[in-house]
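Below is query-v3.pdb, which holds PDB, C-alpha atoms.
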```pdb
ATOM      1  CA  MET A   1      -0.058  71.875 -57.613
ATOM      2  CA  THR A   2       1.670  68.971 -55.848
ATOM      3  CA  PRO A   3       2.503  65.921 -57.954
ATOM      4  CA  ALA A   4       0.293  62.863 -57.297
ATOM      5  CA  PHE A   5       1.957  59.899 -55.555
ATOM      6  CA  PRO A   6       1.727  56.835 -57.831
ATOM      7  CA  VAL A   7      -0.845  54.311 -56.563
ATOM      8  CA  GLY A   8       1.293  51.352 -57.684
ATOM      9  CA  ARG A   9       4.219  52.460 -55.565
ATOM     10  CA  LEU A  10       1.970  52.966 -52.550
ATOM     11  CA  SER A  11       0.511  49.445 -52.803
ATOM     12  CA  ARG A  12       3.978  47.930 -53.189
ATOM     13  CA  PHE A  13       5.205  49.840 -50.139
ATOM     14  CA  VAL A  14       2.256  48.646 -47.990
ATOM     15  CA  GLY A  15       2.740  45.030 -49.143
ATOM     16  CA  ALA A  16       6.454  45.110 -48.323
ATOM     17  CA  ALA A  17       5.770  46.530 -44.880
ATOM     18  CA  ALA A  18       3.182  43.830 -44.156
ATOM     19  CA  CYS A  19       5.605  41.069 -45.190
ATOM     20  CA  ALA A  20       8.326  42.527 -42.958
ATOM     21  CA  ILE A  21       5.956  42.516 -39.955
ATOM     22  CA  LEU A  22       4.916  38.898 -40.564
ATOM     23  CA  LEU A  23       8.513  37.730 -40.953
ATOM     24  CA  SER A  24       9.575  39.416 -37.721
ATOM     25  CA  ALA A  25       6.646  37.776 -35.864
ATOM     26  CA  CYS A  26       7.623  34.347 -37.168
ATOM     27  CA  ALA A  27      11.227  34.946 -36.197
ATOM     28  CA  THR A  28      10.263  35.723 -32.606
ATOM     29  CA  THR A  29       7.864  32.745 -32.114
ATOM     30  CA  LYS A  30       9.921  29.937 -33.636
ATOM     31  CA  PRO A  31      12.678  29.893 -30.984
ATOM     32  CA  GLU A  32      10.063  29.641 -28.186
ATOM     33  CA  LEU A  33       8.615  26.462 -29.714
ATOM     34  CA  ALA A  34      12.062  24.934 -30.106
ATOM     35  CA  GLU A  35      13.003  25.524 -26.448
ATOM     36  CA  LYS A  36      10.264  23.237 -25.023
ATOM     37  CA  PRO A  37      11.990  20.176 -23.426
ATOM     38  CA  PRO A  38      10.853  16.686 -24.452
ATOM     39  CA  ALA A  39       8.591  14.792 -22.035
ATOM     40  CA  PRO A  40      10.404  12.162 -19.922
ATOM     41  CA  THR A  41       9.875   8.557 -20.922
ATOM     42  CA  MET A  42       8.278   5.934 -18.695
ATOM     43  CA  ASP A  43      11.653   4.264 -18.131
ATOM     44  CA  GLU A  44      13.192   7.561 -17.003
ATOM     45  CA  LEU A  45      10.372   8.251 -14.535
ATOM     46  CA  LEU A  46      10.495   4.704 -13.154
ATOM     47  CA  ALA A  47      14.287   4.880 -12.793
ATOM     48  CA  LYS A  48      14.059   8.138 -10.816
ATOM     49  CA  ALA A  49      11.306   6.707  -8.608
ATOM     50  CA  THR A  50      13.289   3.522  -7.942
ATOM     51  CA  GLU A  51      16.350   5.566  -7.059
ATOM     52  CA  ALA A  52      14.327   7.649  -4.586
ATOM     53  CA  SER A  53      12.767   4.521  -3.056
ATOM     54  CA  THR A  54      16.150   2.821  -2.647
ATOM     55  CA  ALA A  55      17.480   5.952  -0.922
ATOM     56  CA  GLY A  56      14.638   5.750   1.590
ATOM     57  CA  ARG A  57      12.655   8.679   0.147
ATOM     58  CA  LYS A  58       9.438   6.690  -0.180
ATOM     59  CA  GLU A  59       7.066   9.649  -0.560
ATOM     60  CA  ASP A  60       9.231  11.193  -3.303
ATOM     61  CA  ALA A  61       9.156   7.825  -5.067
ATOM     62  CA  VAL A  62       5.355   7.640  -4.792
ATOM     63  CA  THR A  63       5.086  11.176  -6.243
ATOM     64  CA  LEU A  64       7.232  10.158  -9.220
ATOM     65  CA  TRP A  65       5.203   6.983  -9.747
ATOM     66  CA  ARG A  66       2.014   9.059  -9.739
ATOM     67  CA  GLU A  67       3.536  11.382 -12.353
ATOM     68  CA  ALA A  68       4.381   8.357 -14.470
ATOM     69  CA  ALA A  69       0.821   7.017 -14.054
ATOM     70  CA  ALA A  70      -0.625  10.363 -15.179
ATOM     71  CA  ALA A  71       1.724  10.607 -18.176
ATOM     72  CA  TYR A  72       1.182   6.973 -19.226
ATOM     73  CA  PRO A  73      -2.310   6.042 -17.995
ATOM     74  CA  ALA A  74      -2.423   2.652 -19.742
ATOM     75  CA  ASP A  75       0.671   1.317 -17.954
ATOM     76  CA  LYS A  76       0.233  -0.682 -14.725
ATOM     77  CA  ALA A  77       3.863  -0.510 -13.550
ATOM     78  CA  PRO A  78       3.608   2.740 -11.528
ATOM     79  CA  TRP A  79       0.481   1.558  -9.704
ATOM     80  CA  SER A  80       2.085  -1.794  -8.934
ATOM     81  CA  SER A  81       5.072  -0.062  -7.323
ATOM     82  CA  ILE A  82       2.804   2.218  -5.265
ATOM     83  CA  ALA A  83       0.730  -0.758  -4.086
ATOM     84  CA  GLN A  84       3.839  -2.686  -2.986
ATOM     85  CA  THR A  85       5.296   0.356  -1.197
ATOM     86  CA  ARG A  86       2.073   1.048   0.702
ATOM     87  CA  TYR A  87       1.733  -2.643   1.627
ATOM     88  CA  ASP A  88       5.298  -2.778   2.963
ATOM     89  CA  ALA A  89       4.541   0.305   5.089
ATOM     90  CA  GLY A  90       1.423  -1.328   6.565
ATOM     91  CA  GLN A  91      -0.869   1.182   4.840
ATOM     92  CA  TYR A  92      -3.241  -1.523   3.699
ATOM     93  CA  GLY A  93      -6.130   0.712   2.628
ATOM     94  CA  GLU A  94      -3.964   2.667   0.167
ATOM     95  CA  ALA A  95      -2.291  -0.557  -0.948
ATOM     96  CA  ILE A  96      -5.699  -1.985  -1.899
ATOM     97  CA  VAL A  97      -6.698   1.162  -3.829
ATOM     98  CA  SER A  98      -3.439   1.132  -5.836
ATOM     99  CA  ALA A  99      -3.659  -2.615  -6.472
ATOM    100  CA  GLN A 100      -7.171  -2.135  -7.841
ATOM    101  CA  GLU A 101      -5.733   0.360 -10.344
ATOM    102  CA  VAL A 102      -3.377  -2.406 -11.475
ATOM    103  CA  LEU A 103      -6.302  -4.814 -11.942
ATOM    104  CA  VAL A 104      -8.151  -2.243 -14.075
ATOM    105  CA  ARG A 105      -5.232  -2.493 -16.511
ATOM    106  CA  ASP A 106      -4.492  -6.206 -15.999
ATOM    107  CA  PRO A 107      -7.217  -8.269 -14.252
ATOM    108  CA  ASN A 108      -4.893 -11.302 -13.993
ATOM    109  CA  ASP A 109      -2.035  -9.555 -12.196
ATOM    110  CA  ARG A 110      -1.026 -11.977  -9.439
ATOM    111  CA  LEU A 111       0.806  -9.463  -7.232
ATOM    112  CA  ALA A 112      -2.144  -7.052  -7.201
ATOM    113  CA  ASN A 113      -4.588  -9.829  -6.314
ATOM    114  CA  SER A 114      -2.286 -11.018  -3.522
ATOM    115  CA  ILE A 115      -1.912  -7.522  -2.076
ATOM    116  CA  ILE A 116      -5.685  -7.014  -2.086
ATOM    117  CA  ALA A 117      -6.358 -10.395  -0.462
ATOM    118  CA  ILE A 118      -3.748 -10.135   2.302
ATOM    119  CA  SER A 119      -4.311  -6.427   2.986
ATOM    120  CA  GLY A 120      -8.046  -7.060   3.225
ATOM    121  CA  LEU A 121      -7.507  -9.915   5.674
ATOM    122  CA  ARG A 122      -5.264  -7.828   7.882
ATOM    123  CA  LEU A 123      -7.723  -4.933   7.958
ATOM    124  CA  SER A 124     -10.593  -7.340   8.677
ATOM    125  CA  THR A 125      -8.671  -9.061  11.458
ATOM    126  CA  ARG A 126      -7.997  -5.738  13.151
ATOM    127  CA  ALA A 127     -11.608  -4.620  12.856
ATOM    128  CA  LEU A 128     -13.001  -7.941  14.117
ATOM    129  CA  ALA A 129     -10.611  -7.902  17.069
ATOM    130  CA  ASP A 130     -11.758  -4.385  17.971
ATOM    131  CA  LEU A 131     -15.422  -5.378  17.663
ATOM    132  CA  SER A 132     -14.837  -8.483  19.766
ATOM    133  CA  ARG A 133     -13.185  -6.422  22.508
ATOM    134  CA  GLN A 134     -16.155  -4.045  22.494
ATOM    135  CA  ASN A 135     -18.654  -6.952  22.488
ATOM    136  CA  ASN A 136     -20.169  -5.547  19.290
ATOM    137  CA  LEU A 137     -19.671  -8.628  17.127
ATOM    138  CA  SER A 138     -23.280  -9.695  16.744
ATOM    139  CA  GLY A 139     -26.194  -9.886  14.331
ATOM    140  CA  SER A 140     -25.499  -9.620  10.597
ATOM    141  CA  ILE A 141     -21.841  -8.721  11.195
ATOM    142  CA  LYS A 142     -21.257 -11.968  13.072
ATOM    143  CA  THR A 143     -23.111 -14.023  10.451
ATOM    144  CA  GLU A 144     -21.163 -12.473   7.594
ATOM    145  CA  SER A 145     -17.889 -12.953   9.450
ATOM    146  CA  GLN A 146     -18.696 -16.643   9.917
ATOM    147  CA  ASP A 147     -19.494 -16.955   6.193
ATOM    148  CA  LEU A 148     -16.200 -15.314   5.288
ATOM    149  CA  ALA A 149     -14.317 -17.606   7.678
ATOM    150  CA  LYS A 150     -15.956 -20.612   6.014
ATOM    151  CA  LEU A 151     -14.935 -19.330   2.581
ATOM    152  CA  LEU A 152     -11.369 -18.850   3.796
ATOM    153  CA  ARG A 153     -11.245 -22.396   5.201
ATOM    154  CA  GLU A 154     -12.429 -23.789   1.868
ATOM    155  CA  SER A 155      -9.985 -21.637  -0.117
ATOM    156  CA  LEU A 156      -7.011 -22.530   2.073
ATOM    157  CA  GLY A 157      -8.008 -26.165   2.574
ATOM    158  CA  GLU A 158      -7.884 -25.785   6.350
ATOM    159  CA  GLN A 159     -10.682 -26.739   8.717
ATOM    160  CA  ILE A 160      -9.354 -24.489  11.487
ATOM    161  CA  LEU A 161      -8.086 -21.003  10.647
ATOM    162  CA  VAL A 162      -6.804 -20.211  14.145
ATOM    163  CA  PRO A 163      -5.645 -23.303  16.057
ATOM    164  CA  ALA A 164      -6.729 -23.622  19.672
ATOM    165  CA  PRO A 165      -4.002 -22.749  22.185
ATOM    166  CA  VAL A 166      -2.085 -25.742  23.514
ATOM    167  CA  PRO A 167      -2.465 -26.011  27.305
ATOM    168  CA  ALA A 168       0.795 -25.002  28.860
ATOM    169  CA  THR A 169       2.561 -27.596  30.971
ATOM    170  CA  PRO A 170       3.158 -26.354  34.518
ATOM    171  CA  PRO A 171       6.706 -25.124  35.093
ATOM    172  CA  ALA A 172       9.065 -27.339  37.082
ATOM    173  CA  LYS A 173       9.164 -24.823  39.948
ATOM    174  CA  ALA A 174       5.383 -24.905  40.329
ATOM    175  CA  VAL A 175       5.402 -28.730  40.397
ATOM    176  CA  ALA A 176       8.153 -28.780  43.044
ATOM    177  CA  LYS A 177       6.319 -26.173  45.102
ATOM    178  CA  GLY A 178       3.127 -28.281  45.006
ATOM    179  CA  ARG A 179       5.016 -31.349  46.186
ATOM    180  CA  ALA A 180       6.602 -29.396  49.030
ATOM    181  CA  ARG A 181       3.172 -28.205  50.183
ATOM    182  CA  SER A 182       1.889 -31.769  50.136
ATOM    183  CA  ARG A 183       4.832 -32.949  52.228
ATOM    184  CA  ALA A 184       4.301 -30.080  54.667
ATOM    185  CA  LYS A 185       0.670 -31.099  55.129
ATOM    186  CA  GLN A 186       1.757 -34.668  55.778
ATOM    187  CA  ALA A 187       4.301 -33.399  58.301
ATOM    188  CA  VAL A 188       1.658 -31.403  60.165
ATOM    189  CA  ALA A 189      -0.567 -34.466  60.275
ATOM    190  CA  ALA A 190       2.331 -36.578  61.536
ATOM    191  CA  GLY A 191       3.116 -33.992  64.218
ATOM    192  CA  ALA A 192      -0.442 -34.109  65.449
ATOM    193  CA  SER A 193      -0.097 -37.867  65.949
ATOM    194  CA  GLY A 194       3.136 -37.502  67.930
ATOM    195  CA  ALA A 195       5.555 -38.599  65.128
ATOM    196  CA  ASP A 196       8.616 -36.625  63.976
ATOM    197  CA  PRO A 197       7.169 -33.422  62.377
ATOM    198  CA  PHE A 198      10.080 -33.235  59.912
ATOM    199  CA  GLY A 199      10.009 -36.869  58.914
ATOM    200  CA  ALA A 200       8.018 -36.266  55.727
ATOM    201  CA  LEU A 201      10.598 -33.712  54.527
ATOM    202  CA  LYS A 202      13.624 -36.029  54.957
TER     203      LYS A 202
END
```

Whole structure given in structure tokens:
Amino acid sequence: MTPAFPVGRLSRFVGAAACAILLSACATTKPELAEKPPAPTMDELLAKATEASTAGRKEDAVTLWREAAAAYPADKAPWSSIAQTRYDAGQYGEAIVSAQEVLVRDPNDRLANSIIAISGLRLSTRALADLSRQNNLSGSIKTESQDLAKLLRESLGEQILVPAPVPATPPAKAVAKGRARSRAKQAVAAGASGADPFGALK
């Protein structure tokens, strides 16, 4: 008859084995958590973006500003930089969209309002010029354009937004040529009457 294994020893052995497994699991997971790098601060992201922009890498700078905007959604600084960059590049539609993001965070931002106003005017001027060339500026579009022009005159305090072109004075050569033709006509008339045909040119 084989001797019975004590139940107390068996339970202690199982408990010790379970503790050893748990401790080894904790030992393997803790270093992984410690290796995670800290998130970059807003100042670090903005500094990298500014450096890229100064070096002429505008699209890299915009990418970094977008990363900063995603990491710090309440801050207007990244959107303001994107709006200014797009405006400087003549990309007025994107400049307006980015400036509107600034106004969501700060409705009184002067730069954002300026970018929206001027970019909108430049886009409108282009579109109206195209419509005028195609003779499609009529109906409600023409009426609304006139209303907007009136609003601009009132806002700027100017009665005329685009001054009428000043009539150009005729060049000196054209004036001299006209006088020579007149003298030649007089000479022909004098020749017909028997006088010296070159007298008017002397």

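Atom pair CA of Gly56 in chain A / CA of Ala89 in chain A has a distance of 12.0 Å (rounded to one decimal).
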
Determine the nearest neighbour of Arg126 in chain A from the options A:Thr41, A:Gln84, A:Arg66, A:Tyr92, counting all atoms listed in the file.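 Closest residue, counting all atoms listed in the file: A:Tyr92.
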
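Those residues returned by the PyMOL selection byres ((chain A and resi 43) around 12) for this file are Ala39, Pro40, Thr41, Met42, Glu44, Leu45, Leu46, Ala47, Lys48, Ala49, Thr50, Leu64, Trp65, Ala68, Ala69, Ala71, Tyr72, Asp75, Ala77 and Pro78 of chain A.
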
Would you kindly translate the PyMOL selection byres ((chain A and resi 100-108) around 9) into the concrete residues it picks from this file, as a ChimeraX atom specification? /A:74-80,83,95-99,109-110,112-113,116

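Across the model, the gap from CA of Pro73 in chain A to CA of Ser53 in chain A is 21.3 Å.
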
What does the distance from CA of Gly120 in chain A to CA of Ala61 in chain A come to in Å, to one decimal? 24.2 Å

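Nearest residue to Gln91 in chain A, choosing from A:Arg122, A:Asp130, A:Ser114, A:Glu67 and counting all atoms listed in the file: A:Arg122.
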
Generate the coordinates of N, CA and C atoms for range 104-118 of chain A; report them as a PDB file, in the frame of the given file.
```pdb
ATOM      1  N   VAL A 104      -7.404  -2.898 -12.994  1.00  0.00           N
ATOM      2  CA  VAL A 104      -8.151  -2.243 -14.075  1.00  0.00           C
ATOM      3  C   VAL A 104      -7.391  -2.413 -15.394  1.00  0.00           C
ATOM      4  N   ARG A 105      -6.072  -2.389 -15.317  1.00  0.00           N
ATOM      5  CA  ARG A 105      -5.232  -2.493 -16.511  1.00  0.00           C
ATOM      6  C   ARG A 105      -4.849  -3.937 -16.833  1.00  0.00           C
ATOM      7  N   ASP A 106      -4.825  -4.787 -15.796  1.00  0.00           N
ATOM      8  CA  ASP A 106      -4.492  -6.206 -15.999  1.00  0.00           C
ATOM      9  C   ASP A 106      -5.227  -7.029 -14.938  1.00  0.00           C
ATOM     10  N   PRO A 107      -6.419  -7.535 -15.252  1.00  0.00           N
ATOM     11  CA  PRO A 107      -7.217  -8.269 -14.252  1.00  0.00           C
ATOM     12  C   PRO A 107      -6.542  -9.524 -13.714  1.00  0.00           C
ATOM     13  N   ASN A 108      -5.542 -10.056 -14.412  1.00  0.00           N
ATOM     14  CA  ASN A 108      -4.893 -11.302 -13.993  1.00  0.00           C
ATOM     15  C   ASN A 108      -3.582 -11.077 -13.254  1.00  0.00           C
ATOM     16  N   ASP A 109      -3.293  -9.835 -12.881  1.00  0.00           N
ATOM     17  CA  ASP A 109      -2.035  -9.555 -12.196  1.00  0.00           C
ATOM     18  C   ASP A 109      -2.019 -10.254 -10.837  1.00  0.00           C
ATOM     19  N   ARG A 110      -1.066 -11.149 -10.650  1.00  0.00           N
ATOM     20  CA  ARG A 110      -1.026 -11.977  -9.439  1.00  0.00           C
ATOM     21  C   ARG A 110      -0.626 -11.165  -8.204  1.00  0.00           C
ATOM     22  N   LEU A 111       0.354 -10.265  -8.367  1.00  0.00           N
ATOM     23  CA  LEU A 111       0.806  -9.463  -7.232  1.00  0.00           C
ATOM     24  C   LEU A 111      -0.321  -8.574  -6.718  1.00  0.00           C
ATOM     25  N   ALA A 112      -1.047  -7.938  -7.613  1.00  0.00           N
ATOM     26  CA  ALA A 112      -2.144  -7.052  -7.201  1.00  0.00           C
ATOM     27  C   ALA A 112      -3.227  -7.833  -6.468  1.00  0.00           C
ATOM     28  N   ASN A 113      -3.583  -8.998  -6.989  1.00  0.00           N
ATOM     29  CA  ASN A 113      -4.588  -9.829  -6.314  1.00  0.00           C
ATOM     30  C   ASN A 113      -4.113 -10.274  -4.929  1.00  0.00           C
ATOM     31  N   SER A 114      -2.836 -10.591  -4.815  1.00  0.00           N
ATOM     32  CA  SER A 114      -2.286 -11.018  -3.522  1.00  0.00           C
ATOM     33  C   SER A 114      -2.311  -9.873  -2.516  1.00  0.00           C
ATOM     34  N   ILE A 115      -1.928  -8.684  -2.971  1.00  0.00           N
ATOM     35  CA  ILE A 115      -1.912  -7.522  -2.076  1.00  0.00           C
ATOM     36  C   ILE A 115      -3.317  -7.215  -1.586  1.00  0.00           C
ATOM     37  N   ILE A 116      -4.294  -7.286  -2.484  1.00  0.00           N
ATOM     38  CA  ILE A 116      -5.685  -7.014  -2.086  1.00  0.00           C
ATOM     39  C   ILE A 116      -6.168  -8.051  -1.081  1.00  0.00           C
ATOM     40  N   ALA A 117      -5.884  -9.326  -1.351  1.00  0.00           N
ATOM     41  CA  ALA A 117      -6.358 -10.395  -0.462  1.00  0.00           C
ATOM     42  C   ALA A 117      -5.744 -10.281   0.935  1.00  0.00           C
ATOM     43  N   ILE A 118      -4.413 -10.143   1.003  1.00  0.00           N
ATOM     44  CA  ILE A 118      -3.748 -10.135   2.302  1.00  0.00           C
ATOM     45  C   ILE A 118      -4.023  -8.842   3.051  1.00  0.00           C
TER      46      ILE A 118
END
```
